Amino acid sequence: MKSQIYQTESEDETIALGEKLAQELPPTAVVLLIGQLGAGKTTLAKGIVKGLGAAAPDDVSSPTFTLIHEYSPCVYHIDLYRLDTATQVATLGLDEIFDRRAVVLIEWGERFPELLPPNRIEIRLRGTGENSRAIEVQWK
């Protein structure tokens with residue numbers, strides 16, 4: 001398991017890091033974005049989606065209410081924050097999405113590890129100041 005820690009000092013730096021990470025992702029990947037509310041998960045997702053050429057950062061928002069945003073046939077952004085049980089998550093059809101040749105970004109996915117593929121990338125974000133973040137990427 002490869003692990004790397006990055007430090008960003010602004011929203012722009014977090015988006016730029018996401019763009020950089022996007023270039024390292026395989027064409028099929030499940031990426032968990034892990035962190036407290038306000039840790040920068042959606043900001044990092046903006047950069048990853050931009051880096052994959054699927055949408056501009058301003059077009060990327062947290063899928064808190066819609067649960068799944070599809071930015072292209074190859075990029076999905078999922079938010080499981082509002083779901084409480086594995087049964088609720090199962091109704092989303094994630095297995096079908098995981099079978100596609102796509103990068104799947106999942107916020108709050110660590111709440112349902114049993115429903116996720118074992119081969120995944122986990123990105124942990126932690127605020128270290130008002131705008132600074134420590135971002136650890138673990139390639140499993």
# chains A, B, ... in the order shown; residues from 1 in each chain; ligands from 1
$ select_by_dssp --residues "region 5-107 of chain A" --states "strand (DSSP E)" --output "JSON, numbers by chain"
{"A": [5, 6, 7, 8, 29, 30, 31, 32, 33, 34, 68, 69, 70, 71, 72, 75, 76, 77, 78, 79, 103, 104, 105, 106, 107]}
$ write_last_selection --atoms "N, CA and C atoms" --output "compact mmCIF listing (two decimals), in the first residue's frame"
# COMPACT_ATOMS: atom_id res chain seq x y z
N ILE A 5 1.49 12.08 1.68
CA ILE A 5 0.80 13.18 2.34
C ILE A 5 1.16 14.50 1.65
N TYR A 6 0.14 15.29 1.38
CA TYR A 6 0.29 16.60 0.76
C TYR A 6 -0.23 17.66 1.72
N GLN A 7 0.26 18.87 1.56
CA GLN A 7 -0.24 20.01 2.34
C GLN A 7 -0.69 21.07 1.34
N THR A 8 -1.90 21.56 1.50
CA THR A 8 -2.36 22.68 0.66
C THR A 8 -2.70 23.85 1.58
N ALA A 29 -11.43 3.38 -11.23
CA ALA A 29 -10.99 3.56 -9.85
C ALA A 29 -12.15 3.98 -8.97
N VAL A 30 -12.15 3.48 -7.75
CA VAL A 30 -13.06 3.95 -6.71
C VAL A 30 -12.20 4.74 -5.73
N VAL A 31 -12.57 6.00 -5.52
CA VAL A 31 -11.80 6.90 -4.67
C VAL A 31 -12.69 7.38 -3.53
N LEU A 32 -12.31 7.03 -2.30
CA LEU A 32 -13.05 7.52 -1.14
C LEU A 32 -12.44 8.86 -0.71
N LEU A 33 -13.29 9.84 -0.53
CA LEU A 33 -12.88 11.14 0.00
C LEU A 33 -13.36 11.17 1.44
N ILE A 34 -12.42 11.15 2.38
CA ILE A 34 -12.72 10.96 3.80
C ILE A 34 -12.31 12.20 4.58
N ILE A 68 -25.92 11.27 -6.47
CA ILE A 68 -24.97 10.91 -7.52
C ILE A 68 -24.98 11.98 -8.60
N HIS A 69 -23.78 12.51 -8.91
CA HIS A 69 -23.62 13.38 -10.07
C HIS A 69 -22.77 12.61 -11.09
N GLU A 70 -23.24 12.60 -12.32
CA GLU A 70 -22.47 11.99 -13.41
C GLU A 70 -21.93 13.13 -14.25
N TYR A 71 -20.59 13.31 -14.25
CA TYR A 71 -19.98 14.41 -14.99
C TYR A 71 -19.60 14.02 -16.40
N SER A 72 -19.50 12.75 -16.64
CA SER A 72 -19.28 12.18 -17.98
C SER A 72 -19.52 10.69 -17.80
N VAL A 75 -16.88 9.63 -15.20
CA VAL A 75 -16.63 10.25 -13.90
C VAL A 75 -17.95 10.40 -13.13
N TYR A 76 -17.98 9.80 -11.93
CA TYR A 76 -19.13 9.89 -11.04
C TYR A 76 -18.68 10.47 -9.71
N HIS A 77 -19.57 11.25 -9.09
CA HIS A 77 -19.30 11.85 -7.78
C HIS A 77 -20.51 11.50 -6.91
N ILE A 78 -20.27 10.76 -5.85
CA ILE A 78 -21.35 10.22 -5.02
C ILE A 78 -21.17 10.71 -3.59
N ASP A 79 -22.27 11.02 -2.92
CA ASP A 79 -22.22 11.46 -1.53
C ASP A 79 -23.20 10.59 -0.73
N VAL A 103 -13.99 6.63 -13.14
CA VAL A 103 -13.48 7.04 -11.84
C VAL A 103 -14.70 7.42 -11.01
N VAL A 104 -14.83 6.79 -9.85
CA VAL A 104 -15.98 7.02 -8.97
C VAL A 104 -15.47 7.64 -7.67
N LEU A 105 -15.83 8.91 -7.46
CA LEU A 105 -15.45 9.63 -6.25
C LEU A 105 -16.59 9.49 -5.25
N ILE A 106 -16.29 9.06 -4.03
CA ILE A 106 -17.34 8.83 -3.04
C ILE A 106 -17.01 9.59 -1.75
N GLU A 107 -17.89 10.52 -1.40
CA GLU A 107 -17.78 11.20 -0.11
C GLU A 107 -18.59 10.41 0.92
$ residues_around --residues "Arg124 (chain A)" --least-positions-apart "5" --cutoff "10 Å" --atoms "only C-alpha atoms" --output "PyMOL selection string"
chain A and resi 5+32-36+39-41+133-138
$ write_last_selection --atoms "all heavy atoms" --output "short mmCIF file (atom, residue, chain, number, x, y, z; two decimals), in the first residue's frame"
data_model
loop_
_atom_site.label_atom_id
_atom_site.label_comp_id
_atom_site.auth_asym_id
_atom_site.auth_seq_id
_atom_site.Cartn_x
_atom_site.Cartn_y
_atom_site.Cartn_z
N ILE A 5 1.49 12.08 1.68
CA ILE A 5 0.80 13.18 2.34
C ILE A 5 1.16 14.50 1.65
O ILE A 5 2.33 14.75 1.35
CB ILE A 5 1.16 13.25 3.84
CG1 ILE A 5 0.69 11.97 4.53
CG2 ILE A 5 0.53 14.47 4.50
CD1 ILE A 5 1.07 11.86 5.99
N LEU A 32 -12.31 7.03 -2.30
CA LEU A 32 -13.05 7.52 -1.14
C LEU A 32 -12.44 8.86 -0.71
O LEU A 32 -11.23 8.96 -0.54
CB LEU A 32 -12.96 6.55 0.03
CG LEU A 32 -13.55 5.17 -0.14
CD1 LEU A 32 -13.61 4.46 1.21
CD2 LEU A 32 -14.92 5.21 -0.75
N LEU A 33 -13.29 9.84 -0.53
CA LEU A 33 -12.88 11.14 0.00
C LEU A 33 -13.36 11.17 1.44
O LEU A 33 -14.56 11.20 1.71
CB LEU A 33 -13.50 12.27 -0.83
CG LEU A 33 -13.12 12.25 -2.32
CD1 LEU A 33 -13.92 13.28 -3.09
CD2 LEU A 33 -11.64 12.46 -2.50
N ILE A 34 -12.42 11.15 2.38
CA ILE A 34 -12.72 10.96 3.80
C ILE A 34 -12.31 12.20 4.58
O ILE A 34 -11.19 12.68 4.46
CB ILE A 34 -11.98 9.73 4.35
CG1 ILE A 34 -12.38 8.48 3.54
CG2 ILE A 34 -12.25 9.54 5.83
CD1 ILE A 34 -11.50 7.27 3.80
N GLY A 35 -13.23 12.72 5.39
CA GLY A 35 -12.92 13.86 6.23
C GLY A 35 -14.19 14.43 6.82
O GLY A 35 -15.30 14.14 6.36
N GLN A 36 -14.02 15.25 7.84
CA GLN A 36 -15.16 15.87 8.50
C GLN A 36 -15.84 16.87 7.56
O GLN A 36 -15.30 17.23 6.52
CB GLN A 36 -14.70 16.59 9.78
CG GLN A 36 -14.11 15.67 10.82
CD GLN A 36 -15.10 14.62 11.28
OE1 GLN A 36 -16.25 14.90 11.57
NE2 GLN A 36 -14.66 13.36 11.33
N ALA A 39 -13.92 19.69 5.44
CA ALA A 39 -12.51 19.31 5.33
C ALA A 39 -11.94 19.56 3.93
O ALA A 39 -10.73 19.59 3.76
CB ALA A 39 -12.32 17.83 5.69
N GLY A 40 -12.82 19.74 2.94
CA GLY A 40 -12.34 20.01 1.58
C GLY A 40 -12.57 18.88 0.60
O GLY A 40 -11.99 18.88 -0.49
N LYS A 41 -13.43 17.93 0.93
CA LYS A 41 -13.68 16.79 0.06
C LYS A 41 -14.20 17.23 -1.31
O LYS A 41 -13.69 16.80 -2.35
CB LYS A 41 -14.68 15.81 0.71
CG LYS A 41 -14.17 15.19 2.00
CD LYS A 41 -15.17 14.23 2.62
CE LYS A 41 -16.45 14.86 3.05
NZ LYS A 41 -16.34 15.81 4.17
N ARG A 133 -4.84 22.40 4.53
CA ARG A 133 -5.30 21.02 4.63
C ARG A 133 -4.12 20.07 4.57
O ARG A 133 -3.18 20.28 3.79
CB ARG A 133 -6.24 20.65 3.46
CG ARG A 133 -7.46 21.53 3.31
CD ARG A 133 -8.50 21.16 4.32
NE ARG A 133 -9.69 21.98 4.23
CZ ARG A 133 -9.91 23.06 4.98
NH1 ARG A 133 -9.03 23.47 5.83
NH2 ARG A 133 -11.04 23.72 4.88
N ALA A 134 -4.18 19.02 5.35
CA ALA A 134 -3.28 17.87 5.19
C ALA A 134 -4.10 16.82 4.46
O ALA A 134 -5.22 16.49 4.86
CB ALA A 134 -2.82 17.35 6.55
N ILE A 135 -3.55 16.32 3.36
CA ILE A 135 -4.28 15.39 2.51
C ILE A 135 -3.42 14.15 2.31
O ILE A 135 -2.35 14.22 1.71
CB ILE A 135 -4.64 16.05 1.17
CG1 ILE A 135 -5.50 17.30 1.42
CG2 ILE A 135 -5.33 15.05 0.24
CD1 ILE A 135 -5.71 18.18 0.22
N GLU A 136 -3.90 13.02 2.84
CA GLU A 136 -3.17 11.76 2.73
C GLU A 136 -3.85 10.87 1.69
O GLU A 136 -5.05 10.61 1.78
CB GLU A 136 -3.12 11.04 4.07
CG GLU A 136 -2.34 9.74 3.99
CD GLU A 136 -2.29 8.96 5.29
OE1 GLU A 136 -2.99 9.37 6.26
OE2 GLU A 136 -1.58 7.96 5.34
N VAL A 137 -3.07 10.41 0.74
CA VAL A 137 -3.57 9.54 -0.32
C VAL A 137 -3.01 8.15 -0.08
O VAL A 137 -1.79 7.98 0.00
CB VAL A 137 -3.15 10.06 -1.71
CG1 VAL A 137 -3.71 9.15 -2.80
CG2 VAL A 137 -3.62 11.50 -1.93
N GLN A 138 -3.90 7.17 0.04
CA GLN A 138 -3.49 5.78 0.23
C GLN A 138 -3.98 4.97 -0.97
O GLN A 138 -5.17 4.89 -1.24
CB GLN A 138 -4.09 5.18 1.49
CG GLN A 138 -3.51 5.76 2.77
CD GLN A 138 -4.09 5.08 4.00
OE1 GLN A 138 -5.26 4.72 4.01
NE2 GLN A 138 -3.26 4.92 5.02
#
$ closest_residue --among "A:Ile97, A:Leu115, A:Ala22, A:Val60" --to "Thr43 (chain A)" --atoms "only C-alpha atoms"
A:Val60
$ select_by_dssp --residues "region 3-130 of chain A" --states "alpha helix (DSSP H)" --output "NGL selection string"
:A and (11-24 or 41-51 or 86-90 or 94-98)
$ write_last_selection --atoms "N, CA, C and O atoms" --output "compact mmCIF listing (two decimals), in the first residue's frame"
# COMPACT_ATOMS: atom_id res chain seq x y z
N GLU A 11 -7.91 26.99 -1.21
CA GLU A 11 -8.85 26.24 -2.04
C GLU A 11 -8.24 25.99 -3.42
O GLU A 11 -8.34 24.89 -3.96
N ASP A 12 -7.58 27.01 -3.98
CA ASP A 12 -6.96 26.86 -5.30
C ASP A 12 -5.88 25.77 -5.30
O ASP A 12 -5.77 24.99 -6.25
N GLU A 13 -5.09 25.71 -4.22
CA GLU A 13 -4.06 24.67 -4.13
C GLU A 13 -4.68 23.29 -4.00
O GLU A 13 -4.16 22.32 -4.55
N THR A 14 -5.81 23.19 -3.30
CA THR A 14 -6.49 21.90 -3.15
C THR A 14 -7.04 21.45 -4.50
O THR A 14 -6.92 20.27 -4.87
N ILE A 15 -7.60 22.38 -5.27
CA ILE A 15 -8.10 22.04 -6.62
C ILE A 15 -6.93 21.61 -7.50
O ILE A 15 -7.02 20.61 -8.22
N ALA A 16 -5.81 22.34 -7.43
CA ALA A 16 -4.63 21.99 -8.23
C ALA A 16 -4.10 20.60 -7.87
O ALA A 16 -3.70 19.83 -8.74
N LEU A 17 -4.12 20.26 -6.57
CA LEU A 17 -3.70 18.93 -6.15
C LEU A 17 -4.64 17.88 -6.75
O LEU A 17 -4.19 16.83 -7.22
N GLY A 18 -5.94 18.15 -6.73
CA GLY A 18 -6.90 17.22 -7.33
C GLY A 18 -6.60 16.99 -8.81
O GLY A 18 -6.66 15.85 -9.29
N GLU A 19 -6.26 18.07 -9.53
CA GLU A 19 -5.90 17.92 -10.95
C GLU A 19 -4.68 17.02 -11.11
O GLU A 19 -4.65 16.16 -11.99
N LYS A 20 -3.69 17.22 -10.25
CA LYS A 20 -2.47 16.41 -10.29
C LYS A 20 -2.79 14.94 -10.00
O LYS A 20 -2.33 14.04 -10.71
N LEU A 21 -3.59 14.71 -8.96
CA LEU A 21 -3.95 13.33 -8.61
C LEU A 21 -4.74 12.65 -9.73
O LEU A 21 -4.60 11.45 -9.96
N ALA A 22 -5.57 13.42 -10.43
CA ALA A 22 -6.38 12.86 -11.52
C ALA A 22 -5.48 12.22 -12.58
O ALA A 22 -5.85 11.19 -13.16
N GLN A 23 -4.31 12.80 -12.81
CA GLN A 23 -3.40 12.27 -13.82
C GLN A 23 -2.80 10.93 -13.40
O GLN A 23 -2.31 10.17 -14.23
N GLU A 24 -2.82 10.63 -12.09
CA GLU A 24 -2.25 9.39 -11.57
C GLU A 24 -3.29 8.28 -11.43
O GLU A 24 -2.94 7.13 -11.17
N LYS A 41 -13.43 17.93 0.93
CA LYS A 41 -13.68 16.79 0.06
C LYS A 41 -14.20 17.23 -1.31
O LYS A 41 -13.69 16.80 -2.35
N THR A 42 -15.20 18.09 -1.31
CA THR A 42 -15.78 18.54 -2.59
C THR A 42 -14.80 19.41 -3.35
O THR A 42 -14.72 19.35 -4.57
N THR A 43 -14.00 20.21 -2.63
CA THR A 43 -13.00 21.05 -3.29
C THR A 43 -11.98 20.17 -4.01
O THR A 43 -11.62 20.44 -5.17
N LEU A 44 -11.51 19.12 -3.36
CA LEU A 44 -10.58 18.20 -4.01
C LEU A 44 -11.26 17.52 -5.20
O LEU A 44 -10.64 17.36 -6.26
N ALA A 45 -12.52 17.14 -5.04
CA ALA A 45 -13.27 16.52 -6.14
C ALA A 45 -13.34 17.45 -7.34
O ALA A 45 -13.24 16.99 -8.48
N LYS A 46 -13.48 18.75 -7.11
CA LYS A 46 -13.51 19.72 -8.22
C LYS A 46 -12.24 19.60 -9.06
O LYS A 46 -12.29 19.61 -10.28
N GLY A 47 -11.10 19.49 -8.38
CA GLY A 47 -9.84 19.36 -9.09
C GLY A 47 -9.70 18.05 -9.83
O GLY A 47 -9.21 18.01 -10.96
N ILE A 48 -10.13 16.96 -9.19
CA ILE A 48 -10.05 15.65 -9.84
C ILE A 48 -10.93 15.62 -11.08
O ILE A 48 -10.49 15.19 -12.15
N VAL A 49 -12.16 16.11 -10.95
CA VAL A 49 -13.08 16.12 -12.10
C VAL A 49 -12.51 16.99 -13.23
O VAL A 49 -12.53 16.60 -14.40
N LYS A 50 -11.95 18.15 -12.88
CA LYS A 50 -11.33 19.01 -13.89
C LYS A 50 -10.14 18.29 -14.53
O LYS A 50 -9.99 18.30 -15.76
N GLY A 51 -9.30 17.68 -13.69
CA GLY A 51 -8.12 16.98 -14.21
C GLY A 51 -8.46 15.83 -15.14
O GLY A 51 -7.69 15.49 -16.03
N ALA A 86 -27.00 0.32 5.06
CA ALA A 86 -26.47 -0.33 3.87
C ALA A 86 -27.59 -0.63 2.87
O ALA A 86 -27.37 -0.59 1.66
N THR A 87 -28.78 -0.88 3.37
CA THR A 87 -29.92 -1.15 2.49
C THR A 87 -30.22 0.08 1.62
O THR A 87 -30.49 -0.05 0.43
N GLN A 88 -30.19 1.26 2.22
CA GLN A 88 -30.42 2.48 1.46
C GLN A 88 -29.34 2.65 0.39
O GLN A 88 -29.64 3.01 -0.75
N VAL A 89 -28.10 2.40 0.76
CA VAL A 89 -27.00 2.54 -0.20
C VAL A 89 -27.16 1.53 -1.33
O VAL A 89 -26.94 1.86 -2.50
N ALA A 90 -27.59 0.33 -1.01
CA ALA A 90 -27.75 -0.72 -2.02
C ALA A 90 -28.74 -0.33 -3.11
O ALA A 90 -28.62 -0.77 -4.25
N LEU A 94 -24.80 1.00 -6.96
CA LEU A 94 -23.36 1.28 -7.04
C LEU A 94 -22.59 0.17 -7.76
O LEU A 94 -21.63 0.45 -8.46
N ASP A 95 -23.01 -1.09 -7.59
CA ASP A 95 -22.30 -2.19 -8.25
C ASP A 95 -22.25 -1.97 -9.76
O ASP A 95 -21.23 -2.23 -10.39
N GLU A 96 -23.35 -1.48 -10.33
CA GLU A 96 -23.40 -1.21 -11.76
C GLU A 96 -22.40 -0.11 -12.13
O GLU A 96 -21.69 -0.20 -13.13
N ILE A 97 -22.32 0.92 -11.29
CA ILE A 97 -21.37 2.01 -11.55
C ILE A 97 -19.94 1.50 -11.40
O ILE A 97 -19.06 1.82 -12.20
N PHE A 98 -19.68 0.68 -10.37
CA PHE A 98 -18.33 0.14 -10.15
C PHE A 98 -17.87 -0.72 -11.32
O PHE A 98 -16.68 -0.86 -11.56
$ closest_residue --among "A:Met1, A:Ile123, A:Cys74, A:Leu92" --to "Ala55 (chain A)" --atoms "only C-alpha atoms"
A:Cys74
$ atom_distance --atom1 "CA of Thr91 (chain A)" --atom2 "CA of Thr66 (chain A)"
13.5 Å
$ atom_distance --atom1 "CA of Leu67 (chain A)" --atom2 "CA of Phe112 (chain A)"
14.6 Å
$ atom_distance --atom1 "CA of Arg120 (chain A)" --atom2 "CA of Lys2 (chain A)"
11.8 Å
